[in-house]
$ cat upload_10.cif   # mmCIF, C-alpha atoms
data_structure
#
loop_
_atom_site.label_atom_id
_atom_site.label_comp_id
_atom_site.auth_asym_id
_atom_site.auth_seq_id
_atom_site.Cartn_x
_atom_site.Cartn_y
_atom_site.Cartn_z
CA MET A 1081 19.17 -41.36 -1.15
CA PRO A 1082 18.15 -39.22 1.84
CA LEU A 1083 17.18 -40.51 5.26
CA SER A 1084 13.58 -41.47 5.85
CA GLU A 1085 11.16 -38.68 6.73
CA PRO A 1086 11.10 -37.95 10.49
CA GLU A 1087 8.11 -39.55 12.18
CA VAL A 1088 7.26 -36.46 14.25
CA PRO A 1089 7.61 -32.71 13.65
CA ARG A 1090 10.86 -31.21 14.89
CA VAL A 1091 12.62 -27.88 15.31
CA PRO A 1092 16.28 -27.35 14.30
CA LEU A 1093 18.48 -26.21 17.20
CA HIS A 1094 22.15 -26.69 16.33
CA ARG A 1095 24.21 -27.07 13.15
CA ARG A 1096 27.83 -28.09 12.86
CA GLN A 1097 29.41 -27.86 9.44
CA ILE A 1098 32.85 -29.25 8.77
CA THR A 1099 34.52 -28.79 5.42
CA MET A 1100 37.82 -30.49 4.65
CA ASP A 1101 40.11 -30.32 1.65
CA GLY A 1102 43.35 -32.05 0.70
CA TYR A 1103 46.00 -30.33 -1.43
CA HIS A 1104 49.26 -31.43 -3.06
CA ARG A 1105 51.86 -28.71 -2.64
CA THR A 1106 54.52 -27.85 -5.20
CA ASP A 1107 57.21 -28.78 -2.66
CA GLY A 1108 55.91 -32.37 -2.53
CA LEU A 1109 54.13 -32.08 0.80
CA PHE A 1110 50.37 -32.15 1.34
CA ASP A 1111 48.11 -29.68 3.14
CA ILE A 1112 44.96 -30.94 4.80
CA GLU A 1113 42.61 -28.14 5.82
CA ALA A 1114 39.46 -28.13 7.91
CA HIS A 1115 36.90 -25.43 8.62
CA LEU A 1116 34.46 -26.03 11.48
CA VAL A 1117 31.39 -23.82 12.07
CA ASP A 1118 28.77 -24.19 14.82
CA THR A 1119 25.56 -22.16 14.77
CA LYS A 1120 22.27 -22.15 16.68
CA SER A 1121 18.79 -21.49 15.34
CA TYR A 1122 17.81 -19.23 18.25
CA PRO A 1123 19.25 -16.18 19.99
CA PHE A 1124 21.19 -16.78 23.20
CA ASP A 1125 23.32 -14.80 25.61
CA ASN A 1126 27.05 -15.35 25.81
CA MET A 1127 29.26 -14.11 28.66
CA ASP A 1128 31.93 -12.63 26.42
CA ARG A 1129 30.11 -11.83 23.19
CA GLY A 1130 26.71 -10.64 24.32
CA THR A 1131 23.64 -11.92 22.50
CA LEU A 1132 24.33 -14.19 19.58
CA GLN A 1133 21.62 -14.22 16.95
CA PRO A 1134 20.40 -17.26 14.99
CA GLY A 1135 23.08 -18.18 12.46
CA ASP A 1136 25.88 -16.32 14.26
CA GLN A 1137 28.96 -18.50 14.54
CA LEU A 1138 29.50 -19.83 18.03
CA HIS A 1139 32.57 -21.65 16.72
CA GLY A 1140 34.42 -20.69 13.54
CA MET A 1141 37.74 -22.51 13.41
CA TRP A 1142 40.36 -23.40 10.83
CA VAL A 1143 43.07 -26.07 10.97
CA ARG A 1144 45.83 -26.82 8.47
CA MET A 1145 48.21 -29.72 8.85
CA THR A 1146 51.08 -30.20 6.46
CA VAL A 1147 51.89 -33.87 5.94
CA ASP A 1148 54.59 -35.76 4.05
CA GLU A 1149 54.21 -38.97 2.00
CA ALA A 1150 55.06 -41.06 5.05
CA MET A 1151 52.04 -39.51 6.81
CA VAL A 1152 54.17 -37.56 9.28
CA ILE A 1153 52.78 -34.17 10.26
CA ARG A 1154 55.43 -31.59 9.43
CA ALA A 1155 53.44 -28.59 10.72
CA CYS A 1156 50.02 -27.85 12.13
CA GLU A 1157 48.37 -24.50 12.65
CA ALA A 1158 44.93 -23.42 13.74
CA VAL A 1159 42.98 -20.20 13.97
CA SER A 1160 39.77 -19.62 15.90
CA ASP A 1161 37.85 -16.70 14.42
CA PHE A 1162 34.73 -17.28 16.52
CA THR A 1163 34.70 -18.84 19.99
CA PRO A 1164 32.38 -18.70 22.98
CA TYR A 1165 35.03 -17.14 25.25
CA ALA A 1166 37.62 -14.47 24.60
CA ILE A 1167 40.47 -16.70 25.82
CA CYS A 1168 39.66 -19.62 23.49
CA PRO A 1169 41.71 -18.49 20.46
CA LYS A 1170 44.88 -18.91 22.56
CA ALA A 1171 44.27 -22.69 22.57
CA ALA A 1172 44.79 -22.81 18.80
CA GLU A 1173 48.49 -22.01 19.28
CA GLY A 1174 49.04 -25.43 20.84
CA MET A 1175 48.18 -27.26 17.64
CA SER A 1176 51.77 -26.72 16.48
CA ARG A 1177 52.75 -29.40 19.04
CA LEU A 1178 51.36 -32.00 16.61
CA ALA A 1179 54.39 -31.62 14.33
CA GLY A 1180 56.22 -34.94 14.25
CA VAL A 1181 53.16 -37.10 14.92
CA THR A 1182 52.58 -39.92 12.42
CA ILE A 1183 49.07 -40.51 11.13
CA GLY A 1184 48.49 -44.20 11.72
CA PRO A 1185 47.99 -46.52 14.69
CA GLY A 1186 48.07 -44.51 17.91
CA PHE A 1187 47.32 -41.21 16.17
CA ASN A 1188 44.31 -40.27 18.31
CA ARG A 1189 46.27 -41.04 21.49
CA ALA A 1190 49.18 -38.88 20.32
CA VAL A 1191 46.80 -36.00 19.57
CA LYS A 1192 45.24 -36.33 23.02
CA ASP A 1193 48.67 -36.46 24.68
CA ARG A 1194 49.86 -33.28 22.93
CA VAL A 1195 46.72 -31.12 22.79
CA GLY A 1196 44.22 -32.89 25.05
CA GLY A 1197 42.35 -31.43 28.01
CA VAL A 1198 43.60 -28.02 29.09
CA LEU A 1199 46.43 -28.16 26.54
CA GLY A 1200 44.07 -27.40 23.68
CA CYS A 1201 40.56 -26.99 22.32
CA THR A 1202 38.03 -29.84 22.30
CA HIS A 1203 36.70 -28.93 18.86
CA LEU A 1204 40.09 -28.53 17.21
CA ARG A 1205 41.25 -31.80 18.75
CA GLU A 1206 38.13 -33.69 17.64
CA VAL A 1207 38.47 -32.58 14.02
CA MET A 1208 41.96 -34.10 13.83
CA ALA A 1209 40.61 -37.66 13.53
CA GLN A 1210 38.61 -36.70 10.45
CA MET A 1211 41.59 -34.78 9.07
CA ALA A 1212 43.67 -37.97 9.38
CA THR A 1213 41.11 -39.77 7.21
CA VAL A 1214 41.21 -36.94 4.67
CA ALA A 1215 45.01 -37.20 4.64
CA TYR A 1216 44.74 -40.90 3.73
CA GLN A 1217 42.10 -40.13 1.09
CA THR A 1218 44.38 -37.45 -0.36
CA ILE A 1219 47.80 -39.07 -0.20
CA ALA A 1220 47.27 -42.82 -0.70
CA PRO A 1221 45.50 -42.56 -4.09
CA TRP A 1222 48.00 -39.93 -5.22
CA LYS A 1223 50.92 -42.23 -4.39
CA TRP A 1224 49.21 -45.21 -6.03
CA ARG A 1225 48.58 -43.28 -9.27
CA ARG A 1226 52.13 -41.86 -9.28
CA ASP A 1227 53.72 -45.25 -8.72
CA ARG A 1228 51.53 -46.90 -11.37
CA ALA A 1229 52.43 -44.19 -13.91
CA LYS A 1230 56.17 -44.60 -13.16
CA ARG A 1231 55.92 -48.35 -13.56
CA GLU A 1232 53.96 -48.09 -16.82
CA ALA A 1233 56.51 -45.62 -18.19
CA ALA A 1234 59.35 -47.99 -17.27
CA ILE A 1235 57.56 -50.91 -18.97
CA ALA A 1236 56.97 -48.80 -22.10
CA ALA A 1237 60.65 -47.87 -22.15
CA GLY A 1238 61.62 -51.54 -21.81
CA ASP A 1239 63.22 -51.02 -18.41
CA VAL A 1240 60.76 -53.24 -16.54
CA THR A 1241 58.76 -56.17 -17.81
CA GLU A 1242 56.57 -57.22 -14.92
CA ALA A 1243 53.23 -55.65 -14.07
CA PRO A 1244 52.97 -53.09 -11.28
CA PRO A 1245 52.37 -54.53 -7.82
CA PRO A 1246 48.72 -54.63 -6.79
CA ARG A 1247 47.32 -51.82 -4.72
CA ARG A 1248 47.46 -52.59 -1.00
CA LEU A 1249 43.90 -52.80 0.33
CA PRO A 1250 42.86 -51.94 3.89
CA ILE A 1251 41.47 -55.43 4.52
CA GLY A 1252 39.22 -55.58 7.56
CA SER A 1253 38.80 -51.80 7.84
CA CYS A 1254 35.11 -51.69 6.84
CA TYR A 1255 32.21 -53.71 5.42
CA ALA A 1256 33.36 -53.36 1.79
CA TYR A 1257 36.90 -54.46 2.64
CA ALA A 1258 35.91 -57.59 4.55
CA GLU A 1259 38.28 -60.43 3.69
CA ASP A 1260 35.52 -62.31 1.85
CA SER A 1261 33.67 -59.38 0.27
CA PRO A 1262 33.00 -59.15 -3.47
CA VAL A 1263 34.89 -55.83 -3.53
CA VAL A 1264 38.08 -57.45 -2.23
CA ARG A 1265 37.61 -60.36 -4.63
CA ARG A 1266 37.32 -57.98 -7.63
CA HIS A 1267 40.46 -56.08 -6.55
CA ARG A 1268 42.40 -59.32 -6.20
CA GLU A 1269 41.27 -60.42 -9.65
CA GLY A 1270 42.67 -57.21 -11.09
CA GLY A 1271 39.43 -55.37 -11.76
CA GLY A 1272 39.71 -52.86 -8.95
CA ALA A 1273 39.94 -49.14 -9.53
CA GLU A 1274 40.39 -46.26 -7.17
#

$ encode --input "upload_10.cif" --output "structure tokens"
Amino acid sequence: MPLSEPEVPRVPLHRRQITMDGYHRTDGLFDIEAHLVDTKSYPFDNMDRGTLQPGDQLHGMWVRMTVDEAMVIRACEAVSDFTPYAICPKAAEGMSRLAGVTIGPGFNRAVKDRVGGVLGCTHLREVMAQMATVAYQTIAPWKWRRDRAKREAAIAAGDVTEAPPPRRLPIGSCYAYAEDSPVVRRHREGGGAE
């Protein structure tokens, strides 16, 4: 369902598109990739690039973080194909300092400490919070399905007789996962799915 129709006429000025994908690698690690593009709907002058036309990329940036099952960043790289200033692509090199950071409580602070302010790029840094969410969305269901399949195979082979442990829910993290929500109740009763 789309948003309601705007009440007054309007003119588009700026568009930011962010695409993110999560991958399972053959070595057991996971790659989370983001592509950020900013464009304007009008021509404007830029100190380093001259006149940018409508639709020209003001920002065109890529980030890949490689994460393990424990949600520890093993490597992070970034590339800035389009930036407003000629020196900006150099800031992408600093993203490698995120190796070793764990995605979890304190993640945004750790990102800010390692690549915040003049140590990095605002746009690359900001996309990391969304990439952390994509990492959870990629890895947690994968682990849950893998562990369930292992358990079911062990039960079928007669090695284990009890049912697999229930999926751990992020209680309190959003409206649907409120302690007293019908979604949580259904999961607890065994009817929950991914």

$ residues_around --input "upload_10.cif" --residues "A:Leu1109" --least-positions-apart "4" --cutoff "10 Å" --atoms "all atoms listed in the file" --output "PyMOL selection string"
chain A and resi 1103-1105+1146-1151+1153-1154+1219

$ write_last_selection --input "upload_10.cif" --atoms "C-alpha atoms" --output "PDB file, in the frame of the given file"
ATOM      1  CA  TYR A1103      46.000 -30.330  -1.430  1.00  0.00           C
ATOM      2  CA  HIS A1104      49.260 -31.430  -3.060  1.00  0.00           C
ATOM      3  CA  ARG A1105      51.860 -28.710  -2.640  1.00  0.00           C
ATOM      4  CA  THR A1146      51.080 -30.200   6.460  1.00  0.00           C
ATOM      5  CA  VAL A1147      51.890 -33.870   5.940  1.00  0.00           C
ATOM      6  CA  ASP A1148      54.590 -35.760   4.050  1.00  0.00           C
ATOM      7  CA  GLU A1149      54.210 -38.970   2.000  1.00  0.00           C
ATOM      8  CA  ALA A1150      55.060 -41.060   5.050  1.00  0.00           C
ATOM      9  CA  MET A1151      52.040 -39.510   6.810  1.00  0.00           C
ATOM     10  CA  ILE A1153      52.780 -34.170  10.260  1.00  0.00           C
ATOM     11  CA  ARG A1154      55.430 -31.590   9.430  1.00  0.00           C
ATOM     12  CA  ILE A1219      47.800 -39.070  -0.200  1.00  0.00           C
TER      13      ILE A1219
END

$ atom_distance --input "upload_10.cif" --atom1 "atom CA of A:Ala1190" --atom2 "atom CA of A:Asp1101"
22.5 Å

$ resolve_selection --input "upload_10.cif" --expression "the PyMOL selection byres ((chain A and resi 1207) around 10)" --output "PyMOL selection string"
chain A and resi 1098+1100+1114-1116+1142-1143+1202-1206+1208-1212

$ atom_distance --input "upload_10.cif" --atom1 "atom CA of A:Arg1096" --atom2 "atom CA of A:Phe1187"
23.7 Å

$ resolve_selection --input "upload_10.cif" --expression "the PyMOL selection byres ((chain A and resi 1264) around 12)" --output "list of chain:residue names"
A:Pro1246, A:Arg1247, A:Arg1248, A:Leu1249, A:Pro1250, A:Ile1251, A:Gly1252, A:Ser1253, A:Cys1254, A:Tyr1255, A:Ala1256, A:Tyr1257, A:Ala1258, A:Glu1259, A:Asp1260, A:Ser1261, A:Pro1262, A:Val1263, A:Arg1265, A:Arg1266, A:His1267, A:Arg1268, A:Glu1269, A:Gly1270, A:Gly1271, A:Gly1272, A:Ala1273

$ write_last_selection --input "upload_10.cif" --atoms "C-alpha atoms" --output "short mmCIF file (atom, residue, chain, number, x, y, z; two decimals), in the frame of the given file"
data_model
loop_
_atom_site.label_atom_id
_atom_site.label_comp_id
_atom_site.auth_asym_id
_atom_site.auth_seq_id
_atom_site.Cartn_x
_atom_site.Cartn_y
_atom_site.Cartn_z
CA PRO A 1246 48.72 -54.63 -6.79
CA ARG A 1247 47.32 -51.82 -4.72
CA ARG A 1248 47.46 -52.59 -1.00
CA LEU A 1249 43.90 -52.80 0.33
CA PRO A 1250 42.86 -51.94 3.89
CA ILE A 1251 41.47 -55.43 4.52
CA GLY A 1252 39.22 -55.58 7.56
CA SER A 1253 38.80 -51.80 7.84
CA CYS A 1254 35.11 -51.69 6.84
CA TYR A 1255 32.21 -53.71 5.42
CA ALA A 1256 33.36 -53.36 1.79
CA TYR A 1257 36.90 -54.46 2.64
CA ALA A 1258 35.91 -57.59 4.55
CA GLU A 1259 38.28 -60.43 3.69
CA ASP A 1260 35.52 -62.31 1.85
CA SER A 1261 33.67 -59.38 0.27
CA PRO A 1262 33.00 -59.15 -3.47
CA VAL A 1263 34.89 -55.83 -3.53
CA ARG A 1265 37.61 -60.36 -4.63
CA ARG A 1266 37.32 -57.98 -7.63
CA HIS A 1267 40.46 -56.08 -6.55
CA ARG A 1268 42.40 -59.32 -6.20
CA GLU A 1269 41.27 -60.42 -9.65
CA GLY A 1270 42.67 -57.21 -11.09
CA GLY A 1271 39.43 -55.37 -11.76
CA GLY A 1272 39.71 -52.86 -8.95
CA ALA A 1273 39.94 -49.14 -9.53
#
